[in-house]
Amino acid sequence: MFCRSYNDFFQTLANPTNQSIIQELLKRPMNVTQLTEKTKLEQSHISHSLKKLYECKIVDVKRDGKQRIYSLNKDTIIPIIEIVDKHAKKMCPKCLKV
(Lines give C-alpha, C1' and ligand atoms only; values in the text may rest on other atoms or scores of the structure.)
Protein backbone atom coordinates (compact mmCIF):
# COMPACT_ATOMS: atom_id res chain seq x y z
CA MET A 1 0.00 0.00 0.00
CA PHE A 2 1.35 3.40 -0.94
CA CYS A 3 -0.23 5.69 1.64
CA ARG A 4 1.36 4.72 4.94
CA SER A 5 1.84 8.08 6.58
CA TYR A 6 0.77 11.71 6.72
CA ASN A 7 3.72 12.43 4.47
CA ASP A 8 2.47 10.01 1.78
CA PHE A 9 -1.04 11.43 2.03
CA PHE A 10 -0.01 15.08 1.75
CA GLN A 11 2.57 14.42 -0.96
CA THR A 12 -0.16 12.68 -2.95
CA LEU A 13 -2.46 15.68 -2.49
CA ALA A 14 0.31 18.15 -3.35
CA ASN A 15 1.33 16.48 -6.62
CA PRO A 16 0.35 18.78 -9.55
CA THR A 17 -1.00 15.92 -11.68
CA ASN A 18 -3.08 14.66 -8.78
CA GLN A 19 -4.37 18.17 -8.16
CA SER A 20 -5.49 18.36 -11.80
CA ILE A 21 -7.31 15.06 -11.45
CA ILE A 22 -8.92 16.14 -8.18
CA GLN A 23 -10.11 19.41 -9.74
CA GLU A 24 -11.76 17.51 -12.59
CA LEU A 25 -13.33 14.95 -10.25
CA LEU A 26 -14.79 17.79 -8.19
CA LYS A 27 -16.99 18.50 -11.23
CA ARG A 28 -18.18 14.92 -11.76
CA PRO A 29 -17.05 11.28 -11.71
CA MET A 30 -15.00 10.27 -14.75
CA ASN A 31 -13.15 7.37 -16.33
CA VAL A 32 -9.48 7.42 -17.35
CA THR A 33 -10.24 8.43 -20.94
CA GLN A 34 -12.34 11.40 -19.81
CA LEU A 35 -9.64 12.49 -17.34
CA THR A 36 -7.02 12.20 -20.07
CA GLU A 37 -9.08 14.45 -22.35
CA LYS A 38 -9.78 17.02 -19.62
CA THR A 39 -6.25 17.22 -18.20
CA LYS A 40 -4.39 16.82 -21.53
CA LEU A 41 -2.02 14.35 -19.84
CA GLU A 42 -1.01 10.91 -21.07
CA GLN A 43 -3.30 8.03 -20.16
CA SER A 44 -0.48 6.09 -18.48
CA HIS A 45 0.34 9.12 -16.30
CA ILE A 46 -3.33 9.49 -15.30
CA SER A 47 -3.60 5.77 -14.49
CA HIS A 48 -0.45 5.87 -12.36
CA SER A 49 -1.74 8.90 -10.45
CA LEU A 50 -5.17 7.35 -9.95
CA LYS A 51 -3.52 4.30 -8.41
CA LYS A 52 -1.81 6.49 -5.81
CA LEU A 53 -4.97 8.49 -5.20
CA TYR A 54 -6.91 5.26 -4.71
CA GLU A 55 -4.30 3.78 -2.35
CA CYS A 56 -4.62 6.88 -0.15
CA LYS A 57 -8.43 6.60 -0.38
CA ILE A 58 -8.63 10.04 -1.97
CA VAL A 59 -10.65 8.60 -4.84
CA ASP A 60 -13.23 5.84 -4.98
CA VAL A 61 -13.72 3.59 -7.99
CA LYS A 62 -16.78 1.80 -9.32
CA ARG A 63 -17.03 -0.57 -12.24
CA ASP A 64 -19.40 0.26 -15.08
CA GLY A 65 -19.08 -2.62 -17.53
CA LYS A 66 -15.44 -2.65 -18.62
CA GLN A 67 -14.80 0.89 -17.40
CA ARG A 68 -13.76 2.13 -14.01
CA ILE A 69 -15.42 5.35 -12.91
CA TYR A 70 -13.46 7.45 -10.44
CA SER A 71 -14.92 9.91 -7.97
CA LEU A 72 -13.63 11.78 -4.94
CA ASN A 73 -14.10 10.24 -1.52
CA LYS A 74 -17.30 11.98 -0.39
CA ASP A 75 -16.87 11.17 3.29
CA THR A 76 -13.44 12.71 3.82
CA ILE A 77 -11.79 14.32 0.80
CA ILE A 78 -14.62 16.58 -0.35
CA PRO A 79 -15.01 18.01 3.19
CA ILE A 80 -11.22 18.51 3.40
CA ILE A 81 -11.21 20.39 0.08
CA GLU A 82 -14.12 22.55 1.22
CA ILE A 83 -12.28 23.43 4.44
CA VAL A 84 -9.06 24.22 2.56
CA ASP A 85 -10.97 26.39 0.07
CA LYS A 86 -12.68 28.27 2.90
CA HIS A 87 -9.36 28.78 4.68
CA ALA A 88 -7.59 29.93 1.51
CA LYS A 89 -10.33 32.42 0.62
CA LYS A 90 -10.20 33.91 4.10
CA MET A 91 -6.51 33.72 4.99
CA CYS A 92 -4.60 33.84 1.73
CA PRO A 93 -6.82 35.04 -1.14
CA LYS A 94 -3.79 36.06 -3.20
CA CYS A 95 -2.65 32.42 -3.18
CA LEU A 96 -5.74 31.19 -5.01
CA LYS A 97 -5.41 30.60 -8.72
CA VAL A 98 -8.81 30.55 -10.31
# chains A, B, ... in the order shown; residues from 1 in each chain; ligands from 1
>>> select_by_dssp(residues="chain A", states="alpha helix (DSSP H)", output="JSON, numbers by chain")
{"A": [6, 7, 8, 9, 10, 11, 12, 13, 14, 16, 17, 18, 19, 20, 21, 22, 23, 24, 25, 26, 27, 32, 33, 34, 35, 36, 37, 38, 39, 43, 44, 45, 46, 47, 48, 49, 50, 51, 52, 53, 54, 55, 77, 78, 79, 80, 81, 82, 83, 84, 85, 86, 87, 88, 89, 90, 91]}
>>> residues_around(residues="Lys51 of chain A", least_positions_apart="2", cutoff="12 Å", atoms="only C-alpha atoms", output="list in words")
Met1, Phe2, Cys3, Thr12, Asn18, Ile21, Val32, Ser44, His45, Ile46, Ser47, His48, Ser49, Leu53, Tyr54, Glu55, Cys56, Lys57, Ile58, Val59, Asp60, Val61, Arg68 and Tyr70 of chain A
>>> atom_distance(atom1="atom CA of Pro16 of chain A", atom2="atom CA of Lys66 of chain A")
28.1 Å
>>> closest_residue(among="A:Leu26, A:Lys62, A:Thr17, A:Lys89", to="Lys40 of chain A", atoms="only C-alpha atoms")
A:Thr17
>>> atom_distance(atom1="atom CA of Glu37 of chain A", atom2="atom CA of Ile83 of chain A")
28.4 Å
>>> residues_around(residues="segment 79-82 of chain A", least_positions_apart="5", cutoff="12 Å", atoms="only C-alpha atoms", output="MDAnalysis selection string")
chainID A and resid 10 13 19 22:23 25:26 58 72:74 87:89
>>> select_by_dssp(residues="chain A", states="strand (DSSP E or B)", output="MDAnalysis selection string")
chainID A and resid 30 59:64 67:72
>>> atom_distance(atom1="atom CA of Glu24 of chain A", atom2="atom CA of Ile77 of chain A")
13.8 Å
